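J.: Okay, handing you the structure first.
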Amino acid sequence: MAPSWIPEAFRSGSVTDELAALQEAWPELVARCELLQPALRTLLRDSWPVGISEVELTVGFDPEFANEVEEVKLLDHGALHRMFSEVLGRSIRVGYSRLLRPVSWSHVHQEKGEERAEEAEGDFDAERAGNDARQWQRHPKVRQVLEVFNGDILDVQPRLTSQETPK
């Protein structure tokens with residue numbers, strides 16, 4: 001019996017198009033990487049499965065972030081091999097390539113329980129967000145900066161009012 005974390009399409013054992021099934025499950029699989037090595041999740045946000053054979057899964061990286069391949073190789077230590085081998089039900093190597101076009105899935109992916117990524121900037125309320133980093137990640141401009149610089153919000157500082165401003 002397959003572990004519960006394996007995407008549904010692979011649990012049945014009757015996947016006809018493995019690449020399409022991996023592409024559909026990619027956001028879920030990338031999220032799973034946080035349990036293996038938190039930095040892998042961040043690095044794989046700019047990747048996409050582009051090919052699969054009997055022995056190798058090829059993961060393509062956004063041309064702007066192609067240098068992340070080396071970081072993934074340094075951090076991996078076999079975790080991705082084990083994860084994808086378990087998903088696919090056979091031992092499989094993970095290879096990397098550089099894509100010709102930017103990756104866009106991570107820029108529009110909707111996390112469970114979060115509002116849609118297409119949320120208009122006018123719907124964001126800084127007062128309601130306060131010092132909550134998760135709320136600030138929903139702000140379209142903040143999200144765009146985080147994706148461009150492959151960053152994370154570590155801390156949100158309170159905003160000074162005009163009465164608190166030092167003179």
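Chain identifiers are assigned as A, B, and so on, following the order in which chains appear in the structure tokens; residues are numbered from 1 within each chain, and ligands are numbered from 1 in order of appearance.
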Report as a list in words all protein, DNA and RNA residues lying within 12 Å of Glu86 of chain A, evaluated on only C-alpha atoms, omitting residues in the same chain fewer than 2 positions from it.
T.: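 In the requested format, the answer is Met1, Ala2, Pro3, Ser4, Trp5, Ile6, Pro7, Phe10, Arg11, Gly13, Leu29, Ala79, Leu80, His81, Arg82, Met83, Phe84, Leu88, Gly89, Arg90, Ser91, Ile92 and Arg93 of chain A.
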J.: Counting only C-alpha atoms, what is within 12 Å of segment 47-58 of chain A, bar same-chain residues fewer than 6 positions away, as number ranges by chain?
T.: A: 17-27, 29-30, 40-41, 64-69, 72, 80-81, 83-85, 87-107
J.: Just the alpha helix (DSSP H) stuff from chain A, please, per backbone DSSP, written as a PyMOL selection string.
T.: chain A and resi 8-11+18-36+38-44+68-76+79-88+105-108+126-129+133-137+140-148
J.: Report the residues of chain A whose backbone DSSP state falls under strand (DSSP E), written as a list in words.
T.: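 Restricting chain A to strand (DSSP E) produces Ser47, Trp48, Pro49, Val50, Gly51, Ile52, Glu56, Leu57, Thr58, Val59, Gly60, Phe61, Arg93, Val94, Gly95, Tyr96, Ser97 and Arg98 of chain A.
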J.: Using only C-alpha atoms, can you tell me which of A:Leu75, A:Val145, A:Ala133, A:Ile153 comes closest to Glu34 of chain A?
T.: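 The shortest atom-to-atom distance to Glu34 of chain A comes from A:Leu75.
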J.: Please, what distance in Å, to one decimal, runs between atom CA of Gln37 of chain A and atom CA of Gly78 of chain A?
T.: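 Straight-line distance from atom CA of Gln37 of chain A to atom CA of Gly78 of chain A works out to 10.9 Å.
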J.: May I ask for the distance between atom CA of Asp152 of chain A and atom CA of Leu44 of chain A, given in Å to one decimal place?
T.: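 Separating atom CA of Asp152 of chain A from atom CA of Leu44 of chain A is a distance of 14.1 Å.
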J.: Given only C-alpha atoms as the basis, pick out the residue of A:Asp46, A:Phe149, A:Asp76, A:Asp62 nearest to Cys33 of chain A.
T.: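 Ranked by minimum distance to Cys33 of chain A, first place goes to A:Asp76.
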